[in-house]
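For reference, target06.cif (mmCIF, C-alpha atoms):
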data_query
loop_
_atom_site.group_PDB
_atom_site.id
_atom_site.type_symbol
_atom_site.label_atom_id
_atom_site.label_comp_id
_atom_site.auth_asym_id
_atom_site.auth_seq_id
_atom_site.Cartn_x
_atom_site.Cartn_y
_atom_site.Cartn_z
ATOM 1 C CA MET A 4 -23.020 3.198 -14.431
ATOM 2 C CA THR A 5 -23.185 -0.191 -16.080
ATOM 3 C CA HIS A 6 -22.749 -3.412 -14.189
ATOM 4 C CA GLU A 7 -21.651 -5.699 -16.975
ATOM 5 C CA HIS A 8 -18.543 -7.867 -17.009
ATOM 6 C CA GLY A 9 -18.990 -9.039 -13.428
ATOM 7 C CA ASN A 10 -19.402 -5.489 -12.129
ATOM 8 C CA LEU A 11 -16.053 -4.290 -13.450
ATOM 9 C CA LEU A 12 -15.837 -0.724 -14.644
ATOM 10 C CA ILE A 13 -12.764 -1.436 -16.769
ATOM 11 C CA VAL A 14 -12.264 -4.876 -18.237
ATOM 12 C CA TRP A 15 -8.573 -5.525 -18.837
ATOM 13 C CA ASN A 16 -7.854 -6.135 -22.488
ATOM 14 C CA GLU A 17 -4.637 -7.636 -23.848
ATOM 15 C CA ALA A 18 -4.472 -4.648 -26.206
ATOM 16 C CA TYR A 19 -3.609 -2.578 -23.105
ATOM 17 C CA ASN A 20 -0.291 -4.414 -22.662
ATOM 18 C CA THR A 21 2.703 -2.310 -23.653
ATOM 19 C CA GLY A 22 5.141 -5.217 -23.471
ATOM 20 C CA ILE A 23 7.064 -3.427 -20.708
ATOM 21 C CA LYS A 24 6.559 -5.630 -17.648
ATOM 22 C CA ILE A 25 6.629 -3.064 -14.845
ATOM 23 C CA ILE A 26 4.466 -0.602 -16.780
ATOM 24 C CA ASP A 27 1.902 -3.312 -17.532
ATOM 25 C CA GLU A 28 1.870 -4.476 -13.900
ATOM 26 C CA GLN A 29 1.315 -0.940 -12.672
ATOM 27 C CA HIS A 30 -1.436 -0.329 -15.218
ATOM 28 C CA ARG A 31 -3.229 -3.516 -14.145
ATOM 29 C CA GLY A 32 -2.824 -2.493 -10.496
ATOM 30 C CA ILE A 33 -4.382 0.910 -11.064
ATOM 31 C CA VAL A 34 -7.234 -0.596 -13.072
ATOM 32 C CA SER A 35 -7.789 -3.096 -10.255
ATOM 33 C CA ILE A 36 -8.057 -0.325 -7.660
ATOM 34 C CA ILE A 37 -10.474 1.616 -9.900
ATOM 35 C CA ASN A 38 -12.595 -1.532 -10.258
ATOM 36 C CA SER A 39 -12.530 -2.003 -6.477
ATOM 37 C CA LEU A 40 -13.787 1.550 -5.961
ATOM 38 C CA HIS A 41 -16.539 0.971 -8.508
ATOM 39 C CA HIS A 42 -17.542 -2.243 -6.766
ATOM 40 C CA ASP A 43 -17.568 -0.664 -3.322
ATOM 41 C CA LEU A 44 -19.689 2.268 -4.445
ATOM 42 C CA PHE A 45 -22.177 0.606 -6.759
ATOM 43 C CA VAL A 46 -22.415 -3.004 -5.693
ATOM 44 C CA ARG A 47 -21.855 -2.719 -1.938
ATOM 45 C CA ASP A 48 -23.272 0.824 -1.867
ATOM 46 C CA ASP A 49 -20.485 1.870 0.511
ATOM 47 C CA GLU A 50 -19.500 5.500 -0.030
ATOM 48 C CA SER A 51 -17.284 5.529 3.073
ATOM 49 C CA LEU A 52 -14.482 4.088 0.941
ATOM 50 C CA LEU A 53 -14.568 6.856 -1.690
ATOM 51 C CA ARG A 54 -11.913 9.081 -0.134
ATOM 52 C CA PRO A 55 -9.375 6.410 0.953
ATOM 53 C CA THR A 56 -9.687 4.451 -2.291
ATOM 54 C CA ALA A 57 -9.451 7.576 -4.445
ATOM 55 C CA GLU A 58 -6.363 8.614 -2.481
ATOM 56 C CA MET A 59 -4.907 5.156 -3.100
ATOM 57 C CA ILE A 60 -5.598 5.454 -6.834
ATOM 58 C CA MET A 61 -3.999 8.882 -7.022
ATOM 59 C CA GLY A 62 -1.012 7.904 -4.864
ATOM 60 C CA TYR A 63 -0.277 4.803 -6.903
ATOM 61 C CA THR A 64 -0.790 6.756 -10.127
ATOM 62 C CA LYS A 65 1.864 9.254 -9.012
ATOM 63 C CA ILE A 66 4.271 6.385 -8.306
ATOM 64 C CA HIS A 67 3.523 4.933 -11.742
ATOM 65 C CA PHE A 68 4.019 8.272 -13.469
ATOM 66 C CA THR A 69 7.345 8.769 -11.664
ATOM 67 C CA ASN A 70 8.551 5.328 -12.804
ATOM 68 C CA GLU A 71 7.381 5.958 -16.335
ATOM 69 C CA ILE A 72 9.116 9.358 -16.553
ATOM 70 C CA GLU A 73 12.347 7.918 -15.126
ATOM 71 C CA MET A 74 12.344 5.216 -17.805
ATOM 72 C CA LEU A 75 11.555 7.727 -20.557
ATOM 73 C CA THR A 76 14.277 10.078 -19.297
ATOM 74 C CA GLU A 77 16.854 7.278 -19.240
ATOM 75 C CA SER A 78 15.909 6.328 -22.795
ATOM 76 C CA ASP A 79 16.096 9.923 -24.101
ATOM 77 C CA TYR A 80 12.480 9.816 -25.231
ATOM 78 C CA PRO A 81 12.073 12.759 -27.631
ATOM 79 C CA ARG A 82 8.527 13.618 -26.466
ATOM 80 C CA LEU A 83 9.335 13.453 -22.750
ATOM 81 C CA ARG A 84 8.201 16.989 -21.912
ATOM 82 C CA GLU A 85 4.906 16.491 -23.711
ATOM 83 C CA HIS A 86 4.306 13.199 -21.891
ATOM 84 C CA GLN A 87 5.203 14.746 -18.520
ATOM 85 C CA SER A 88 2.887 17.665 -19.205
ATOM 86 C CA ARG A 89 0.063 15.242 -19.964
ATOM 87 C CA HIS A 90 0.677 13.482 -16.640
ATOM 88 C CA ASP A 91 0.568 16.794 -14.771
ATOM 89 C CA HIS A 92 -2.684 17.754 -16.497
ATOM 90 C CA LEU A 93 -4.313 14.401 -15.733
ATOM 91 C CA ILE A 94 -3.385 14.537 -12.048
ATOM 92 C CA ALA A 95 -4.720 18.095 -11.729
ATOM 93 C CA GLU A 96 -7.943 17.203 -13.542
ATOM 94 C CA ALA A 97 -8.485 14.070 -11.419
ATOM 95 C CA ASP A 98 -7.958 16.104 -8.242
ATOM 96 C CA ARG A 99 -10.401 18.759 -9.447
ATOM 97 C CA ILE A 100 -13.116 16.241 -10.328
ATOM 98 C CA PHE A 101 -12.617 14.301 -7.087
ATOM 99 C CA LEU A 102 -12.928 17.445 -4.943
ATOM 100 C CA LYS A 103 -16.053 18.437 -6.859
ATOM 101 C CA CYS A 104 -17.550 14.996 -6.165
ATOM 102 C CA LEU A 105 -16.851 15.410 -2.453
ATOM 103 C CA LYS A 106 -18.500 18.853 -2.446
ATOM 104 C CA GLU A 107 -21.569 17.376 -4.109
ATOM 105 C CA GLY A 108 -22.141 14.836 -1.366
ATOM 106 C CA GLY A 109 -19.906 11.998 -2.503
ATOM 107 C CA GLU A 110 -21.521 11.298 -5.872
ATOM 108 C CA ALA A 111 -18.633 9.411 -7.462
ATOM 109 C CA THR A 112 -19.973 8.718 -10.955
ATOM 110 C CA PRO A 113 -18.170 11.686 -12.584
ATOM 111 C CA PHE A 114 -14.908 10.696 -10.903
ATOM 112 C CA LEU A 115 -15.211 7.056 -11.967
ATOM 113 C CA ASN A 116 -16.173 8.035 -15.514
ATOM 114 C CA PHE A 117 -13.129 10.295 -15.664
ATOM 115 C CA LEU A 118 -10.840 7.545 -14.334
ATOM 116 C CA LYS A 119 -12.147 5.037 -16.860
ATOM 117 C CA GLU A 120 -11.712 7.391 -19.809
ATOM 118 C CA TRP A 121 -8.341 8.598 -18.520
ATOM 119 C CA TRP A 122 -6.822 5.159 -18.121
ATOM 120 C CA VAL A 123 -8.130 3.665 -21.327
ATOM 121 C CA VAL A 124 -6.906 6.680 -23.323
ATOM 122 C CA HIS A 125 -3.647 6.970 -21.362
ATOM 123 C CA ILE A 126 -2.747 3.342 -21.975
ATOM 124 C CA THR A 127 -4.002 2.853 -25.528
ATOM 125 C CA ARG A 128 -2.867 6.151 -26.998
ATOM 126 C CA GLU A 129 -0.275 7.918 -24.911
ATOM 127 C CA ASP A 130 1.700 4.979 -23.533
ATOM 128 C CA MET A 131 1.559 3.093 -26.811
ATOM 129 C CA GLY A 132 3.200 6.199 -28.300
ATOM 130 C CA TYR A 133 6.442 5.498 -26.432
ATOM 131 C CA ARG A 134 6.176 1.702 -26.474
ATOM 132 C CA GLU A 135 8.507 0.946 -29.390
ATOM 133 C CA HIS A 136 11.043 3.558 -28.316
ATOM 134 C CA LEU A 137 11.237 2.239 -24.765
ATOM 135 C CA ILE A 138 11.303 -1.446 -25.745
ATOM 136 C CA LYS A 139 14.140 -0.727 -28.156
ATOM 137 C CA HIS A 140 16.036 1.064 -25.387
ATOM 138 C CA LEU A 141 15.388 -1.672 -22.820
ATOM 139 C CA HIS A 142 16.725 -4.313 -25.196
ATOM 140 C CA SER A 143 19.716 -2.355 -26.484
ATOM 141 C CA PRO A 144 22.973 -4.339 -26.232
ATOM 142 C CA HIS A 145 24.685 -1.550 -24.270
ATOM 143 C CA ARG A 146 21.936 -1.409 -21.635
ATOM 144 C CA VAL A 147 21.775 -5.199 -21.297
ATOM 145 C CA MET A 148 25.550 -5.318 -20.706
ATOM 146 C CA ILE A 149 25.326 -2.651 -17.990
ATOM 147 C CA GLU A 150 22.499 -4.554 -16.239
ATOM 148 C CA ARG A 151 24.440 -7.823 -16.328
ATOM 149 C CA LYS A 152 27.520 -6.145 -14.813
ATOM 150 C CA GLY A 153 25.386 -4.762 -12.001
ATOM 151 C CA ARG A 154 24.058 -8.234 -11.091
ATOM 152 C CA THR A 155 27.426 -10.011 -10.907
#

Could the structure of this file be written out as structure tokens, please?
Amino acid sequence: MTHEHGNLLIVWNEAYNTGIKIIDEQHRGIVSIINSLHHDLFVRDDESLLRPTAEMIMGYTKIHFTNEIEMLTESDYPRLREHQSRHDHLIAEADRIFLKCLKEGGEATPFLNFLKEWWVVHITREDMGYREHLIKHLHSPHRVMIERKGRT
């Protein structure tokens, strides 16, 4: 595990921004929790936080995925099923790797490596795949009118 960039596992890059505020906030939040886990394990050498922090990462990820799918459903995203299937696969794989790490005495490097790869790929490839579609939907005149009516 490298300790560059001030001991961050994932350094946030502006290229990760989708332009969808809540999605970007949630992505940054998840990356922050992953970086906290990395710090606790490799800088503080405190493995007691592995389980609760991993559970926090997975719980928040499930909230994020639910929000993302709701937005994609509302926008009639044509690749919704494929995106949902990818979410399901990632959650199952993360759970599998995490449980394996626990069985092997709490060695978290495989779990952290998976999380890093997962989030960088998820954001830069998969989420950028729906970016234009969702931004167009969010800024459609019909949707903006409905939102304004709901606020008055």

- Using only C-alpha atoms, which of the listed residues (A:Glu28, A:Asp98, A:Val46, A:Asp79) sits closest to A:Ile60? A:Asp98

- Check which residues satisfy the PyMOL selection byres ((chain A and resi 64-74) around 10) in the file shown, then give them as a ChimeraX atom specification. /A:25-26,28-30,32-33,58-63,75-80,83-84,86-87,90-91,94,130,137,140-141

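Distance annotation: of A:His41, A:Lys24, A:Arg54, A:Arg82, the residue with the minimal separation from A:Tyr133 is A:Arg82; atom set is all atoms listed in the file.
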
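Straight-line separation from atom CA of A:Arg99 to atom CA of A:Glu50: 18.6 Å.
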
- Let me know the residues the PyMOL selection byres ((chain A and resi 97) around 9) catches in the file above, as a ChimeraX atom specification. /A:61,92-96,98-102,114,117-118,121

Atoms kept (C-alpha atoms) for selection, written as a PDB file, in the coordinates of the input:
ATOM      1  CA  MET A  61      -3.999   8.882  -7.022  1.00  0.00           C
ATOM      2  CA  HIS A  92      -2.684  17.754 -16.497  1.00  0.00           C
ATOM      3  CA  LEU A  93      -4.313  14.401 -15.733  1.00  0.00           C
ATOM      4  CA  ILE A  94      -3.385  14.537 -12.048  1.00  0.00           C
ATOM      5  CA  ALA A  95      -4.720  18.095 -11.729  1.00  0.00           C
ATOM      6  CA  GLU A  96      -7.943  17.203 -13.542  1.00  0.00           C
ATOM      7  CA  ASP A  98      -7.958  16.104  -8.242  1.00  0.00           C
ATOM      8  CA  ARG A  99     -10.401  18.759  -9.447  1.00  0.00           C
ATOM      9  CA  ILE A 100     -13.116  16.241 -10.328  1.00  0.00           C
ATOM     10  CA  PHE A 101     -12.617  14.301  -7.087  1.00  0.00           C
ATOM     11  CA  LEU A 102     -12.928  17.445  -4.943  1.00  0.00           C
ATOM     12  CA  PHE A 114     -14.908  10.696 -10.903  1.00  0.00           C
ATOM     13  CA  PHE A 117     -13.129  10.295 -15.664  1.00  0.00           C
ATOM     14  CA  LEU A 118     -10.840   7.545 -14.334  1.00  0.00           C
ATOM     15  CA  TRP A 121      -8.341   8.598 -18.520  1.00  0.00           C
TER      16      TRP A 121
END

- Local residues around (-5.9, -1.6, -16.6), at most 8 Å away, using only C-alpha atoms, as a ChimeraX atom specification: /A:13-16,19,30-35,122-123,126

Residues from last step as file, C-alpha atoms, as a PDB file, in the frame of the given file:
ATOM      1  CA  ILE A  13     -12.764  -1.436 -16.769  1.00  0.00           C
ATOM      2  CA  VAL A  14     -12.264  -4.876 -18.237  1.00  0.00           C
ATOM      3  CA  TRP A  15      -8.573  -5.525 -18.837  1.00  0.00           C
ATOM      4  CA  ASN A  16      -7.854  -6.135 -22.488  1.00  0.00           C
ATOM      5  CA  TYR A  19      -3.609  -2.578 -23.105  1.00  0.00           C
ATOM      6  CA  HIS A  30      -1.436  -0.329 -15.218  1.00  0.00           C
ATOM      7  CA  ARG A  31      -3.229  -3.516 -14.145  1.00  0.00           C
ATOM      8  CA  GLY A  32      -2.824  -2.493 -10.496  1.00  0.00           C
ATOM      9  CA  ILE A  33      -4.382   0.910 -11.064  1.00  0.00           C
ATOM     10  CA  VAL A  34      -7.234  -0.596 -13.072  1.00  0.00           C
ATOM     11  CA  SER A  35      -7.789  -3.096 -10.255  1.00  0.00           C
ATOM     12  CA  TRP A 122      -6.822   5.159 -18.121  1.00  0.00           C
ATOM     13  CA  VAL A 123      -8.130   3.665 -21.327  1.00  0.00           C
ATOM     14  CA  ILE A 126      -2.747   3.342 -21.975  1.00  0.00           C
TER      15      ILE A 126
END

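The two atoms in question, atom CA of A:Thr112 and atom CA of A:Asp27, are spaced 25.8 Å apart.
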
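What separates atom CA of A:Asp48 from atom CA of A:Lys119 is a distance of 19.1 Å.
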
Subset file as a PDB file, in the first residue's frame: stretch 53-146 of chain A, C-alpha atoms:
ATOM      1  CA  LEU A  53     -11.940  -2.350   9.954  1.00  0.00           C
ATOM      2  CA  ARG A  54     -15.393  -3.821  10.528  1.00  0.00           C
ATOM      3  CA  PRO A  55     -17.293  -0.647  11.564  1.00  0.00           C
ATOM      4  CA  THR A  56     -15.687   1.487   8.856  1.00  0.00           C
ATOM      5  CA  ALA A  57     -16.238  -1.144   6.165  1.00  0.00           C
ATOM      6  CA  GLU A  58     -19.872  -1.407   7.263  1.00  0.00           C
ATOM      7  CA  MET A  59     -20.137   2.378   7.011  1.00  0.00           C
ATOM      8  CA  ILE A  60     -18.675   2.319   3.494  1.00  0.00           C
ATOM      9  CA  MET A  61     -21.052  -0.408   2.376  1.00  0.00           C
ATOM     10  CA  GLY A  62     -24.088   1.179   4.047  1.00  0.00           C
ATOM     11  CA  TYR A  63     -23.437   4.572   2.504  1.00  0.00           C
ATOM     12  CA  THR A  64     -22.715   2.944  -0.859  1.00  0.00           C
ATOM     13  CA  LYS A  65     -26.135   1.267  -0.759  1.00  0.00           C
ATOM     14  CA  ILE A  66     -27.767   4.632  -0.029  1.00  0.00           C
ATOM     15  CA  HIS A  67     -25.847   6.175  -2.928  1.00  0.00           C
ATOM     16  CA  PHE A  68     -26.802   3.373  -5.297  1.00  0.00           C
ATOM     17  CA  THR A  69     -30.470   3.712  -4.300  1.00  0.00           C
ATOM     18  CA  ASN A  70     -30.382   7.464  -5.008  1.00  0.00           C
ATOM     19  CA  GLU A  71     -28.613   6.922  -8.297  1.00  0.00           C
ATOM     20  CA  ILE A  72     -31.102   4.265  -9.465  1.00  0.00           C
ATOM     21  CA  GLU A  73     -34.064   6.450  -8.462  1.00  0.00           C
ATOM     22  CA  MET A  74     -32.680   9.314 -10.551  1.00  0.00           C
ATOM     23  CA  LEU A  75     -31.965   7.019 -13.505  1.00  0.00           C
ATOM     24  CA  THR A  76     -35.445   5.485 -13.252  1.00  0.00           C
ATOM     25  CA  GLU A  77     -37.098   8.913 -13.193  1.00  0.00           C
ATOM     26  CA  SER A  78     -35.102   9.935 -16.260  1.00  0.00           C
ATOM     27  CA  ASP A  79     -35.940   6.747 -18.210  1.00  0.00           C
ATOM     28  CA  TYR A  80     -32.270   5.873 -18.570  1.00  0.00           C
ATOM     29  CA  PRO A  81     -32.113   3.246 -21.339  1.00  0.00           C
ATOM     30  CA  ARG A  82     -29.325   1.214 -19.678  1.00  0.00           C
ATOM     31  CA  LEU A  83     -30.928   1.185 -16.225  1.00  0.00           C
ATOM     32  CA  ARG A  84     -31.036  -2.601 -15.840  1.00  0.00           C
ATOM     33  CA  GLU A  85     -27.397  -2.930 -16.837  1.00  0.00           C
ATOM     34  CA  HIS A  86     -26.380  -0.215 -14.365  1.00  0.00           C
ATOM     35  CA  GLN A  87     -28.450  -1.794 -11.575  1.00  0.00           C
ATOM     36  CA  SER A  88     -26.922  -5.182 -12.313  1.00  0.00           C
ATOM     37  CA  ARG A  89     -23.448  -3.669 -12.049  1.00  0.00           C
ATOM     38  CA  HIS A  90     -24.343  -2.204  -8.646  1.00  0.00           C
ATOM     39  CA  ASP A  91     -25.593  -5.585  -7.428  1.00  0.00           C
ATOM     40  CA  HIS A  92     -22.409  -7.287  -8.628  1.00  0.00           C
ATOM     41  CA  LEU A  93     -20.162  -4.706  -6.962  1.00  0.00           C
ATOM     42  CA  ILE A  94     -21.952  -4.979  -3.618  1.00  0.00           C
ATOM     43  CA  ALA A  95     -21.754  -8.786  -3.697  1.00  0.00           C
ATOM     44  CA  GLU A  96     -18.072  -8.719  -4.649  1.00  0.00           C
ATOM     45  CA  ALA A  97     -17.225  -6.173  -1.927  1.00  0.00           C
ATOM     46  CA  ASP A  98     -19.036  -8.302   0.660  1.00  0.00           C
ATOM     47  CA  ARG A  99     -17.192 -11.419  -0.505  1.00  0.00           C
ATOM     48  CA  ILE A 100     -13.765  -9.769  -0.363  1.00  0.00           C
ATOM     49  CA  PHE A 101     -14.483  -8.159   3.015  1.00  0.00           C
ATOM     50  CA  LEU A 102     -15.566 -11.474   4.570  1.00  0.00           C
ATOM     51  CA  LYS A 103     -12.463 -13.146   3.155  1.00  0.00           C
ATOM     52  CA  CYS A 104     -10.299 -10.434   4.744  1.00  0.00           C
ATOM     53  CA  LEU A 105     -11.958 -11.043   8.108  1.00  0.00           C
ATOM     54  CA  LYS A 106     -11.360 -14.801   7.811  1.00  0.00           C
ATOM     55  CA  GLU A 107      -7.698 -14.152   7.080  1.00  0.00           C
ATOM     56  CA  GLY A 108      -7.135 -12.246  10.298  1.00  0.00           C
ATOM     57  CA  GLY A 109      -8.170  -8.748   9.280  1.00  0.00           C
ATOM     58  CA  GLU A 110      -5.664  -8.190   6.479  1.00  0.00           C
ATOM     59  CA  ALA A 111      -7.458  -5.338   4.724  1.00  0.00           C
ATOM     60  CA  THR A 112      -5.179  -4.686   1.747  1.00  0.00           C
ATOM     61  CA  PRO A 113      -7.274  -6.750  -0.716  1.00  0.00           C
ATOM     62  CA  PHE A 114     -10.448  -5.011   0.444  1.00  0.00           C
ATOM     63  CA  LEU A 115      -8.918  -1.541   0.141  1.00  0.00           C
ATOM     64  CA  ASN A 116      -7.434  -2.348  -3.267  1.00  0.00           C
ATOM     65  CA  PHE A 117     -10.849  -3.534  -4.419  1.00  0.00           C
ATOM     66  CA  LEU A 118     -12.553  -0.389  -3.086  1.00  0.00           C
ATOM     67  CA  LYS A 119     -10.044   1.874  -4.806  1.00  0.00           C
ATOM     68  CA  GLU A 120     -10.380   0.126  -8.162  1.00  0.00           C
ATOM     69  CA  TRP A 121     -14.159  -0.132  -7.801  1.00  0.00           C
ATOM     70  CA  TRP A 122     -14.734   3.536  -7.088  1.00  0.00           C
ATOM     71  CA  VAL A 123     -12.336   4.920  -9.648  1.00  0.00           C
ATOM     72  CA  VAL A 124     -13.816   2.678 -12.360  1.00  0.00           C
ATOM     73  CA  HIS A 125     -17.404   3.173 -11.162  1.00  0.00           C
ATOM     74  CA  ILE A 126     -17.107   6.948 -11.269  1.00  0.00           C
ATOM     75  CA  THR A 127     -14.948   7.439 -14.357  1.00  0.00           C
ATOM     76  CA  ARG A 128     -16.549   4.842 -16.597  1.00  0.00           C
ATOM     77  CA  GLU A 129     -19.948   3.723 -15.416  1.00  0.00           C
ATOM     78  CA  ASP A 130     -21.319   6.944 -13.940  1.00  0.00           C
ATOM     79  CA  MET A 131     -19.885   9.064 -16.728  1.00  0.00           C
ATOM     80  CA  GLY A 132     -21.900   6.805 -19.049  1.00  0.00           C
ATOM     81  CA  TYR A 133     -25.180   8.243 -17.758  1.00  0.00           C
ATOM     82  CA  ARG A 134     -23.889  11.754 -17.055  1.00  0.00           C
ATOM     83  CA  GLU A 135     -25.152  13.520 -20.184  1.00  0.00           C
ATOM     84  CA  HIS A 136     -28.484  11.704 -20.122  1.00  0.00           C
ATOM     85  CA  LEU A 137     -29.161  12.597 -16.498  1.00  0.00           C
ATOM     86  CA  ILE A 138     -27.984  16.212 -16.784  1.00  0.00           C
ATOM     87  CA  LYS A 139     -30.241  16.682 -19.794  1.00  0.00           C
ATOM     88  CA  HIS A 140     -33.162  15.248 -17.823  1.00  0.00           C
ATOM     89  CA  LEU A 141     -32.433  17.336 -14.725  1.00  0.00           C
ATOM     90  CA  HIS A 142     -32.386  20.518 -16.795  1.00  0.00           C
ATOM     91  CA  SER A 143     -35.396  19.734 -18.979  1.00  0.00           C
ATOM     92  CA  PRO A 144     -37.950  22.576 -19.014  1.00  0.00           C
ATOM     93  CA  HIS A 145     -40.777  20.237 -17.966  1.00  0.00           C
ATOM     94  CA  ARG A 146     -38.890  18.955 -14.914  1.00  0.00           C
TER      95      ARG A 146
END
